[in-house]
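Down below is the structure, laid out as structure tokens.
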Amino acid sequence: MPESLGVAVIGAGMAGRAHAAAYRAASTVYASTLPPIRLVSIGDVNAEFGSLAARRFGYERSDTSWQAIAEAPDIDVVSVVVANHLHREIVEGLLAAGKHVLCEKPLSDSLDDAVAMADAARSATSIARVGFTYRRSPGIAYLRDLVRSGVLGRVLHVSGRYWTDYAADPHIPISWRFKGAQGSGALADVGSHLAYIAEFIGGDIAEVSGGRFATVIPERPEPLGAVIGHEHGAVSDTFDTVENDDYAAFSFDFADGGAGAIEVSRVASGHANTLVLEVFCENGSASFDFRTPSEIGLMLNEGPVAQRGFRRVLLGREHPYLRGGLAMDATGVGFGQNEGFVYQARAFLEEVAGIEEAASLPRCATFDEGVRNMRLLQAVAESAARRGAAVAIPQEVRA
């Protein structure tokens, strides 16, 4: 085990701040098995944003280039949390410098770049992982346990909806999020989460069909300053074209015969961050709603039919991640998305530190799994381009 691990985060936006805070908290959850974690640098091309984030989360300094972080001898671990089209150059540069890399999803903005990144990861001397953060949600992880343990049994049907409204206002300024091919908008941003969640619970998806995209706000004003995350800002009178999808939907078939459907939006007014998942199985059903993340709904085909129905199950110490994963880990204590970033950071640091997998949290997703996720998204885009035609997912690329 190394004497200590120096950490940096590239990107001081919304998700970058989540990574920065997570590394700060990672040593405070579970047993004290990690080496000392040094919070070294927040990197951002906007010097003010980087400096503010570094001070807020207790990092030693800020940098304005990823190259400075790659060259820094006091940095071992780096999260890459910037625009998707920047991932490949930065990740490949960091791996070449021997840094351990945790890259935000999706792995890149193109499948070719993602495949190249996975190739680089396989030949690297350091560890490269992609952040599938919702796998760390105790409710979603518990749904998977209910399926895999046989309590719910084989998945028959999955319904997933991820509605957000960060782009519902037509005066939200144009940014990188609104540029790129169809499928790089709402589908890549929030649909990628549901895609890996569906496979996390139900197994490999063999085929997608019914792909559908819609761009319902065709242009947006140019910003007068820097755009951070989903935040509003001052805009000009000049408008630019929105190139990708505000809304996306598709159906899919699991390799073992189950089916499902996913619908996502970034223009669903009133739904700031609504992820709803329903899983229908041989022995019953379960549901999860991220607006109430400390509970699930569960219905089992047991007892008299007249007495069956969904019951509310509060999540606590007997469920994934929560025993020792919260300062106060009693049932009924609230938690949400931020804790998922903490568990993700902890898992990555445990792997980098050389802690045995059997004594660690579940490992973070590999770059091969990140490629798998992007292949699925590309298949949806192909289905949409072919007016909903069925598109098979090659199974041999499954990590």
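Residue numbering restarts at 1 for every chain of the structure tokens, chains are lettered A, B, ... in their displayed order, and ligands are numbered from 1 as they appear.
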
Contacts of A:Val77 at 6 Å or less, counting only C-alpha atoms, minus same-chain residues fewer than 4 places along, as a short mmCIF file (atom, residue, chain, number, x, y, z; two decimals) with all heavy atoms, in the first residue's frame?
data_model
loop_
_atom_site.label_atom_id
_atom_site.label_comp_id
_atom_site.auth_asym_id
_atom_site.auth_seq_id
_atom_site.Cartn_x
_atom_site.Cartn_y
_atom_site.Cartn_z
N VAL A 7 -4.60 13.44 -4.74
CA VAL A 7 -5.79 13.44 -5.58
C VAL A 7 -5.95 14.79 -6.27
O VAL A 7 -5.69 15.85 -5.68
CB VAL A 7 -7.04 13.13 -4.73
CG1 VAL A 7 -8.31 13.35 -5.53
CG2 VAL A 7 -6.98 11.71 -4.19
N LYS A 99 -0.80 8.27 -14.17
CA LYS A 99 -1.84 8.59 -13.18
C LYS A 99 -2.97 7.56 -13.23
O LYS A 99 -3.29 7.00 -14.28
CB LYS A 99 -2.43 9.98 -13.46
CG LYS A 99 -1.40 11.09 -13.60
CD LYS A 99 -0.53 11.27 -12.38
CE LYS A 99 0.40 12.47 -12.55
NZ LYS A 99 1.38 12.58 -11.45
N HIS A 100 -3.58 7.33 -12.08
CA HIS A 100 -4.79 6.53 -12.01
C HIS A 100 -5.97 7.45 -12.35
O HIS A 100 -6.09 8.54 -11.78
CB HIS A 100 -4.97 5.94 -10.61
CG HIS A 100 -3.81 5.09 -10.17
ND1 HIS A 100 -3.58 3.82 -10.66
CD2 HIS A 100 -2.81 5.35 -9.28
CE1 HIS A 100 -2.50 3.32 -10.10
NE2 HIS A 100 -2.01 4.22 -9.26
#

A:Ala54: which residues within 9 Å, counting only C-alpha atoms, same-chain residues fewer than 6 positions away excluded, as a ChimeraX atom specification?
/A:12,20,39-43,60-62

Residues from last step as file, N, CA, C and O atoms, as a CSV table (one decimal), in the first residue's frame:
chain,number,residue,atom,x,y,z
A,12,ALA,N,-14.2,22.0,-12.6
A,12,ALA,CA,-14.7,22.6,-11.4
A,12,ALA,C,-16.2,22.9,-11.5
A,12,ALA,O,-16.7,23.7,-10.7
A,20,ALA,N,-14.9,16.3,-6.1
A,20,ALA,CA,-14.0,16.9,-5.2
A,20,ALA,C,-14.4,16.7,-3.7
A,20,ALA,O,-13.6,16.3,-2.8
A,39,LEU,N,-5.5,16.0,-0.7
A,39,LEU,CA,-6.3,16.7,-1.7
A,39,LEU,C,-5.4,17.8,-2.3
A,39,LEU,O,-5.1,18.8,-1.7
A,40,VAL,N,-4.9,17.6,-3.5
A,40,VAL,CA,-3.8,18.4,-4.0
A,40,VAL,C,-4.3,19.5,-4.9
A,40,VAL,O,-4.0,20.7,-4.7
A,41,SER,N,-5.1,19.2,-6.0
A,41,SER,CA,-5.4,20.2,-7.0
A,41,SER,C,-6.8,20.1,-7.6
A,41,SER,O,-7.3,18.9,-7.8
A,42,ILE,N,-7.4,21.2,-7.9
A,42,ILE,CA,-8.6,21.3,-8.7
A,42,ILE,C,-8.2,22.0,-10.0
A,42,ILE,O,-7.7,23.1,-10.0
A,43,GLY,N,-8.4,21.3,-11.2
A,43,GLY,CA,-8.0,21.9,-12.4
A,43,GLY,C,-9.2,22.4,-13.2
A,43,GLY,O,-10.2,21.7,-13.3
A,60,GLU,N,-5.1,21.8,-2.0
A,60,GLU,CA,-3.9,22.6,-1.8
A,60,GLU,C,-3.8,23.8,-2.8
A,60,GLU,O,-3.3,24.9,-2.4
A,61,ARG,N,-4.2,23.5,-4.0
A,61,ARG,CA,-4.0,24.5,-5.1
A,61,ARG,C,-5.0,24.3,-6.2
A,61,ARG,O,-5.8,23.3,-6.2
A,62,SER,N,-4.9,25.1,-7.2
A,62,SER,CA,-5.7,24.9,-8.4
A,62,SER,C,-4.7,25.1,-9.6
A,62,SER,O,-3.7,25.7,-9.5

Give the alpha helix (DSSP H) residues of stretch 44-135 of chain A, as DSSP finds them on the backbone, and put them as a ChimeraX atom specification.
/A:47-57,66-71,87-96,111-123

List as a PyMOL selection string the protein and nucleic acid residues near A:Ala327, meaning an atom at most 9 Å away when only C-alpha atoms are counted, but skip any in the same chain fewer than 2 places from it.
chain A and resi 28-29+324-325+329

Close residues, A:Gly191 itself excluded, 10 Å, only C-alpha atoms, min 5 positions apart in chain, as a list in words:
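Within the cut-off, the hits are Pro106, Gly160, Arg161, Tyr162, Trp163, Gly183, Ser184, Gly185, Ala186, Tyr196, Ile197, Tyr247, Ala248, Ala249, Phe250, Ile262, Glu263, Val264, Ser265 and Leu377 of chain A.
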
Compare A:Leu152, A:Ile90, A:Ala365, A:Val9 by their minimum atom-to-atom distance to A:Asp44, counting only C-alpha atoms, and give me the closest one.
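Between A:Leu152, A:Ile90, A:Ala365, A:Val9, the residue approaching A:Asp44 most closely is A:Val9.
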
Need to verify the contact set: A:Phe335, 12 Å, only C-alpha atoms, exclusion of same-chain residues closer than 4 positions in sequence. Can you return it as a PDB file with all heavy atoms, in the first residue's frame?
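Saved to out.pdb:
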ATOM      1  N   ARG A 136     -24.081   2.935  -7.303  1.00  0.00           N
ATOM      2  CA  ARG A 136     -23.807   3.082  -5.867  1.00  0.00           C
ATOM      3  C   ARG A 136     -25.034   3.496  -5.070  1.00  0.00           C
ATOM      4  O   ARG A 136     -24.953   3.628  -3.846  1.00  0.00           O
ATOM      5  CB  ARG A 136     -22.708   4.135  -5.669  1.00  0.00           C
ATOM      6  CG  ARG A 136     -21.461   3.915  -6.498  1.00  0.00           C
ATOM      7  CD  ARG A 136     -20.686   2.703  -6.069  1.00  0.00           C
ATOM      8  NE  ARG A 136     -19.577   2.438  -6.986  1.00  0.00           N
ATOM      9  CZ  ARG A 136     -18.679   1.487  -6.786  1.00  0.00           C
ATOM     10  NH1 ARG A 136     -18.761   0.710  -5.723  1.00  0.00           N
ATOM     11  NH2 ARG A 136     -17.714   1.287  -7.668  1.00  0.00           N
ATOM     12  N   SER A 137     -26.152   3.754  -5.734  1.00  0.00           N
ATOM     13  CA  SER A 137     -27.364   4.078  -4.998  1.00  0.00           C
ATOM     14  C   SER A 137     -27.819   2.846  -4.224  1.00  0.00           C
ATOM     15  O   SER A 137     -28.019   1.778  -4.810  1.00  0.00           O
ATOM     16  CB  SER A 137     -28.472   4.513  -5.952  1.00  0.00           C
ATOM     17  OG  SER A 137     -29.716   4.536  -5.290  1.00  0.00           O
ATOM     18  N   PRO A 138     -27.981   2.936  -2.897  1.00  0.00           N
ATOM     19  CA  PRO A 138     -28.401   1.760  -2.139  1.00  0.00           C
ATOM     20  C   PRO A 138     -29.693   1.135  -2.662  1.00  0.00           C
ATOM     21  O   PRO A 138     -29.824  -0.094  -2.692  1.00  0.00           O
ATOM     22  CB  PRO A 138     -28.565   2.312  -0.715  1.00  0.00           C
ATOM     23  CG  PRO A 138     -27.582   3.440  -0.655  1.00  0.00           C
ATOM     24  CD  PRO A 138     -27.646   4.071  -2.013  1.00  0.00           C
ATOM     25  N   GLY A 139     -30.651   1.962  -3.098  1.00  0.00           N
ATOM     26  CA  GLY A 139     -31.904   1.422  -3.600  1.00  0.00           C
ATOM     27  C   GLY A 139     -31.723   0.633  -4.877  1.00  0.00           C
ATOM     28  O   GLY A 139     -32.274  -0.464  -5.034  1.00  0.00           O
ATOM     29  N   PHE A 290     -35.875   8.331  -7.435  1.00  0.00           N
ATOM     30  CA  PHE A 290     -34.768   9.068  -6.830  1.00  0.00           C
ATOM     31  C   PHE A 290     -35.230  10.296  -6.054  1.00  0.00           C
ATOM     32  O   PHE A 290     -34.451  10.907  -5.331  1.00  0.00           O
ATOM     33  CB  PHE A 290     -33.739   9.480  -7.890  1.00  0.00           C
ATOM     34  CG  PHE A 290     -32.328   9.279  -7.419  1.00  0.00           C
ATOM     35  CD1 PHE A 290     -31.562   8.236  -7.902  1.00  0.00           C
ATOM     36  CD2 PHE A 290     -31.774  10.106  -6.463  1.00  0.00           C
ATOM     37  CE1 PHE A 290     -30.266   8.031  -7.463  1.00  0.00           C
ATOM     38  CE2 PHE A 290     -30.472   9.919  -6.009  1.00  0.00           C
ATOM     39  CZ  PHE A 290     -29.724   8.876  -6.506  1.00  0.00           C
ATOM     40  N   ARG A 291     -36.498  10.668  -6.157  1.00  0.00           N
ATOM     41  CA  ARG A 291     -37.004  11.754  -5.315  1.00  0.00           C
ATOM     42  C   ARG A 291     -37.163  11.302  -3.874  1.00  0.00           C
ATOM     43  O   ARG A 291     -37.208  12.128  -2.956  1.00  0.00           O
ATOM     44  CB  ARG A 291     -38.329  12.261  -5.881  1.00  0.00           C
ATOM     45  CG  ARG A 291     -38.206  12.994  -7.208  1.00  0.00           C
ATOM     46  CD  ARG A 291     -39.534  13.231  -7.867  1.00  0.00           C
ATOM     47  NE  ARG A 291     -40.185  11.984  -8.263  1.00  0.00           N
ATOM     48  CZ  ARG A 291     -41.291  11.907  -8.989  1.00  0.00           C
ATOM     49  NH1 ARG A 291     -41.876  13.028  -9.409  1.00  0.00           N
ATOM     50  NH2 ARG A 291     -41.815  10.736  -9.315  1.00  0.00           N
ATOM     51  N   THR A 292     -37.243   9.997  -3.654  1.00  0.00           N
ATOM     52  CA  THR A 292     -37.292   9.410  -2.307  1.00  0.00           C
ATOM     53  C   THR A 292     -36.259   8.290  -2.252  1.00  0.00           C
ATOM     54  O   THR A 292     -36.601   7.109  -2.188  1.00  0.00           O
ATOM     55  CB  THR A 292     -38.701   8.874  -1.984  1.00  0.00           C
ATOM     56  OG1 THR A 292     -39.119   7.984  -3.041  1.00  0.00           O
ATOM     57  CG2 THR A 292     -39.698  10.006  -1.862  1.00  0.00           C
ATOM     58  N   PRO A 293     -34.968   8.650  -2.265  1.00  0.00           N
ATOM     59  CA  PRO A 293     -33.915   7.653  -2.473  1.00  0.00           C
ATOM     60  C   PRO A 293     -33.663   6.728  -1.301  1.00  0.00           C
ATOM     61  O   PRO A 293     -32.940   5.738  -1.453  1.00  0.00           O
ATOM     62  CB  PRO A 293     -32.681   8.519  -2.746  1.00  0.00           C
ATOM     63  CG  PRO A 293     -32.946   9.798  -2.023  1.00  0.00           C
ATOM     64  CD  PRO A 293     -34.430  10.010  -2.156  1.00  0.00           C
ATOM     65  N   SER A 294     -34.237   6.987  -0.150  1.00  0.00           N
ATOM     66  CA  SER A 294     -33.993   6.127   1.010  1.00  0.00           C
ATOM     67  C   SER A 294     -35.094   5.089   1.196  1.00  0.00           C
ATOM     68  O   SER A 294     -35.275   4.555   2.290  1.00  0.00           O
ATOM     69  CB  SER A 294     -33.853   6.969   2.285  1.00  0.00           C
ATOM     70  OG  SER A 294     -34.999   7.761   2.498  1.00  0.00           O
ATOM     71  N   GLU A 295     -35.794   4.756   0.103  1.00  0.00           N
ATOM     72  CA  GLU A 295     -36.809   3.702   0.173  1.00  0.00           C
ATOM     73  C   GLU A 295     -37.007   3.085  -1.202  1.00  0.00           C
ATOM     74  O   GLU A 295     -36.650   3.669  -2.223  1.00  0.00           O
ATOM     75  CB  GLU A 295     -38.142   4.265   0.666  1.00  0.00           C
ATOM     76  CG  GLU A 295     -38.760   5.287  -0.262  1.00  0.00           C
ATOM     77  CD  GLU A 295     -40.047   5.878   0.300  1.00  0.00           C
ATOM     78  OE1 GLU A 295     -39.978   6.536   1.354  1.00  0.00           O
ATOM     79  OE2 GLU A 295     -41.106   5.663  -0.329  1.00  0.00           O
ATOM     80  N   LEU A 314     -38.063   0.903   3.868  1.00  0.00           N
ATOM     81  CA  LEU A 314     -37.076   1.929   4.191  1.00  0.00           C
ATOM     82  C   LEU A 314     -35.687   1.305   4.191  1.00  0.00           C
ATOM     83  O   LEU A 314     -35.476   0.217   4.731  1.00  0.00           O
ATOM     84  CB  LEU A 314     -37.373   2.543   5.557  1.00  0.00           C
ATOM     85  CG  LEU A 314     -38.667   3.352   5.670  1.00  0.00           C
ATOM     86  CD1 LEU A 314     -38.832   3.879   7.091  1.00  0.00           C
ATOM     87  CD2 LEU A 314     -38.660   4.517   4.684  1.00  0.00           C
ATOM     88  N   LEU A 315     -34.723   1.992   3.593  1.00  0.00           N
ATOM     89  CA  LEU A 315     -33.366   1.471   3.464  1.00  0.00           C
ATOM     90  C   LEU A 315     -32.524   1.876   4.665  1.00  0.00           C
ATOM     91  O   LEU A 315     -32.593   3.010   5.142  1.00  0.00           O
ATOM     92  CB  LEU A 315     -32.733   1.990   2.178  1.00  0.00           C
ATOM     93  CG  LEU A 315     -33.502   1.648   0.894  1.00  0.00           C
ATOM     94  CD1 LEU A 315     -32.849   2.321  -0.305  1.00  0.00           C
ATOM     95  CD2 LEU A 315     -33.584   0.142   0.687  1.00  0.00           C
ATOM     96  N   GLY A 316     -31.725   0.927   5.139  1.00  0.00           N
ATOM     97  CA  GLY A 316     -30.885   1.194   6.301  1.00  0.00           C
ATOM     98  C   GLY A 316     -29.695   0.257   6.342  1.00  0.00           C
ATOM     99  O   GLY A 316     -29.203  -0.208   5.315  1.00  0.00           O
ATOM    100  N   TYR A 321     -24.279  -0.625   0.990  1.00  0.00           N
ATOM    101  CA  TYR A 321     -23.491   0.596   1.204  1.00  0.00           C
ATOM    102  C   TYR A 321     -23.755   1.312   2.534  1.00  0.00           C
ATOM    103  O   TYR A 321     -22.949   2.138   2.951  1.00  0.00           O
ATOM    104  CB  TYR A 321     -23.699   1.600   0.055  1.00  0.00           C
ATOM    105  CG  TYR A 321     -23.142   1.132  -1.256  1.00  0.00           C
ATOM    106  CD1 TYR A 321     -23.966   0.583  -2.233  1.00  0.00           C
ATOM    107  CD2 TYR A 321     -21.783   1.208  -1.519  1.00  0.00           C
ATOM    108  CE1 TYR A 321     -23.453   0.119  -3.436  1.00  0.00           C
ATOM    109  CE2 TYR A 321     -21.254   0.754  -2.717  1.00  0.00           C
ATOM    110  CZ  TYR A 321     -22.094   0.207  -3.672  1.00  0.00           C
ATOM    111  OH  TYR A 321     -21.571  -0.248  -4.852  1.00  0.00           O
ATOM    112  N   LEU A 322     -24.863   1.062   3.199  1.00  0.00           N
ATOM    113  CA  LEU A 322     -25.266   1.951   4.284  1.00  0.00           C
ATOM    114  C   LEU A 322     -24.642   1.632   5.631  1.00  0.00           C
ATOM    115  O   LEU A 322     -24.445   2.537   6.436  1.00  0.00           O
ATOM    116  CB  LEU A 322     -26.799   1.970   4.390  1.00  0.00           C
ATOM    117  CG  LEU A 322     -27.484   2.563   3.156  1.00  0.00           C
ATOM    118  CD1 LEU A 322     -29.000   2.498   3.290  1.00  0.00           C
ATOM    119  CD2 LEU A 322     -27.034   3.999   2.927  1.00  0.00           C
ATOM    120  N   GLY A 325     -21.498   3.429   5.909  1.00  0.00           N
ATOM    121  CA  GLY A 325     -21.368   4.362   4.805  1.00  0.00           C
ATOM    122  C   GLY A 325     -21.944   5.731   5.079  1.00  0.00           C
ATOM    123  O   GLY A 325     -21.854   6.631   4.236  1.00  0.00           O
ATOM    124  N   LEU A 326     -22.547   5.908   6.231  1.00  0.00           N
ATOM    125  CA  LEU A 326     -23.061   7.202   6.678  1.00  0.00           C
ATOM    126  C   LEU A 326     -22.587   7.438   8.102  1.00  0.00           C
ATOM    127  O   LEU A 326     -22.416   6.487   8.878  1.00  0.00           O
ATOM    128  CB  LEU A 326     -24.592   7.227   6.655  1.00  0.00           C
ATOM    129  CG  LEU A 326     -25.297   7.042   5.307  1.00  0.00           C
ATOM    130  CD1 LEU A 326     -26.809   6.902   5.525  1.00  0.00           C
ATOM    131  CD2 LEU A 326     -25.000   8.217   4.385  1.00  0.00           C
ATOM    132  N   ALA A 327     -22.385   8.700   8.444  1.00  0.00           N
ATOM    133  CA  ALA A 327     -21.992   9.003   9.828  1.00  0.00           C
ATOM    134  C   ALA A 327     -23.066   8.515  10.800  1.00  0.00           C
ATOM    135  O   ALA A 327     -22.760   7.970  11.857  1.00  0.00           O
ATOM    136  CB  ALA A 327     -21.780  10.506   9.984  1.00  0.00           C
ATOM    137  N   MET A 328     -24.326   8.696  10.423  1.00  0.00           N
ATOM    138  CA  MET A 328     -25.453   8.164  11.174  1.00  0.00           C
ATOM    139  C   MET A 328     -26.179   7.216  10.236  1.00  0.00           C
ATOM    140  O   MET A 328     -26.900   7.638   9.336  1.00  0.00           O
ATOM    141  CB  MET A 328     -26.392   9.292  11.633  1.00  0.00           C
ATOM    142  CG  MET A 328     -27.546   8.827  12.507  1.00  0.00           C
ATOM    143  SD  MET A 328     -28.672  10.182  12.946  1.00  0.00           S
ATOM    144  CE  MET A 328     -27.607  11.177  13.995  1.00  0.00           C
ATOM    145  N   ASP A 329     -25.955   5.910  10.418  1.00  0.00           N
ATOM    146  CA  ASP A 329     -26.426   4.942   9.429  1.00  0.00           C
ATOM    147  C   ASP A 329     -27.678   4.193   9.859  1.00  0.00           C
ATOM    148  O   ASP A 329     -27.936   3.070   9.426  1.00  0.00           O
ATOM    149  CB  ASP A 329     -25.313   3.961   9.063  1.00  0.00           C
ATOM    150  CG  ASP A 329     -24.742   3.218  10.269  1.00  0.00           C
ATOM    151  OD1 ASP A 329     -25.289   3.366  11.371  1.00  0.00           O
ATOM    152  OD2 ASP A 329     -23.745   2.484  10.089  1.00  0.00           O
ATOM    153  N   ALA A 330     -28.496   4.807  10.689  1.00  0.00           N
ATOM    154  CA  ALA A 330     -29.743   4.188  11.125  1.00  0.00           C
ATOM    155  C   ALA A 330     -30.806   4.289  10.037  1.00  0.00           C
ATOM    156  O   ALA A 330     -30.808   5.222   9.232  1.00  0.00           O
ATOM    157  CB  ALA A 330     -30.246   4.869  12.409  1.00  0.00           C
ATOM    158  N   THR A 331     -31.714   3.323  10.015  1.00  0.00           N
ATOM    159  CA  THR A 331     -32.834   3.358   9.081  1.00  0.00           C
ATOM    160  C   THR A 331     -33.645   4.631   9.289  1.00  0.00           C
ATOM    161  O   THR A 331     -33.908   5.042  10.414  1.00  0.00           O
ATOM    162  CB  THR A 331     -33.739   2.133   9.286  1.00  0.00           C
ATOM    163  OG1 THR A 331     -32.962   0.955   9.102  1.00  0.00           O
ATOM    164  CG2 THR A 331     -34.897   2.130   8.301  1.00  0.00           C
ATOM    165  N   GLU A 339     -24.006  10.912  -1.784  1.00  0.00           N
ATOM    166  CA  GLU A 339     -23.352   9.764  -1.154  1.00  0.00           C
ATOM    167  C   GLU A 339     -22.840   8.775  -2.196  1.00  0.00           C
ATOM    168  O   GLU A 339     -21.831   8.110  -1.994  1.00  0.00           O
ATOM    169  CB  GLU A 339     -24.311   9.063  -0.187  1.00  0.00           C
ATOM    170  CG  GLU A 339     -24.515   9.765   1.144  1.00  0.00           C
ATOM    171  CD  GLU A 339     -25.440  10.972   1.047  1.00  0.00           C
ATOM    172  OE1 GLU A 339     -26.091  11.155  -0.019  1.00  0.00           O
ATOM    173  OE2 GLU A 339     -25.534  11.729   2.029  1.00  0.00           O
ATOM    174  N   GLY A 340     -23.536   8.678  -3.334  1.00  0.00           N
ATOM    175  CA  GLY A 340     -23.078   7.789  -4.389  1.00  0.00           C
ATOM    176  C   GLY A 340     -21.695   8.160  -4.885  1.00  0.00           C
ATOM    177  O   GLY A 340     -20.860   7.284  -5.183  1.00  0.00           O
ATOM    178  N   PHE A 341     -21.412   9.455  -4.976  1.00  0.00           N
ATOM    179  CA  PHE A 341     -20.078   9.894  -5.383  1.00  0.00           C
ATOM    180  C   PHE A 341     -19.038   9.525  -4.327  1.00  0.00           C
ATOM    181  O   PHE A 341     -17.902   9.187  -4.663  1.00  0.00           O
ATOM    182  CB  PHE A 341     -20.071  11.402  -5.624  1.00  0.00           C
ATOM    183  CG  PHE A 341     -20.710  11.814  -6.920  1.00  0.00           C
ATOM    184  CD1 PHE A 341     -22.023  12.238  -6.964  1.00  0.00           C
ATOM    185  CD2 PHE A 341     -19.993  11.787  -8.107  1.00  0.00           C
ATOM    186  CE1 PHE A 341     -22.619  12.615  -8.154  1.00  0.00           C
ATOM    187  CE2 PHE A 341     -20.575  12.158  -9.314  1.00  0.00           C
ATOM    188  CZ  PHE A 341     -21.896  12.579  -9.339  1.00  0.00           C
ATOM    189  N   VAL A 342     -19.415   9.586  -3.050  1.00  0.00           N
ATOM    190  CA  VAL A 342     -18.489   9.215  -1.982  1.00  0.00           C
ATOM    191  C   VAL A 342     -18.147   7.732  -2.075  1.00  0.00           C
ATOM    192  O   VAL A 342     -16.971   7.339  -2.002  1.00  0.00           O
ATOM    193  CB  VAL A 342     -19.089   9.544  -0.603  1.00  0.00           C
ATOM    194  CG1 VAL A 342     -18.158   9.048   0.512  1.00  0.00           C
ATOM    195  CG2 VAL A 342     -19.321  11.038  -0.459  1.00  0.00           C
TER     196      VAL A 342
END
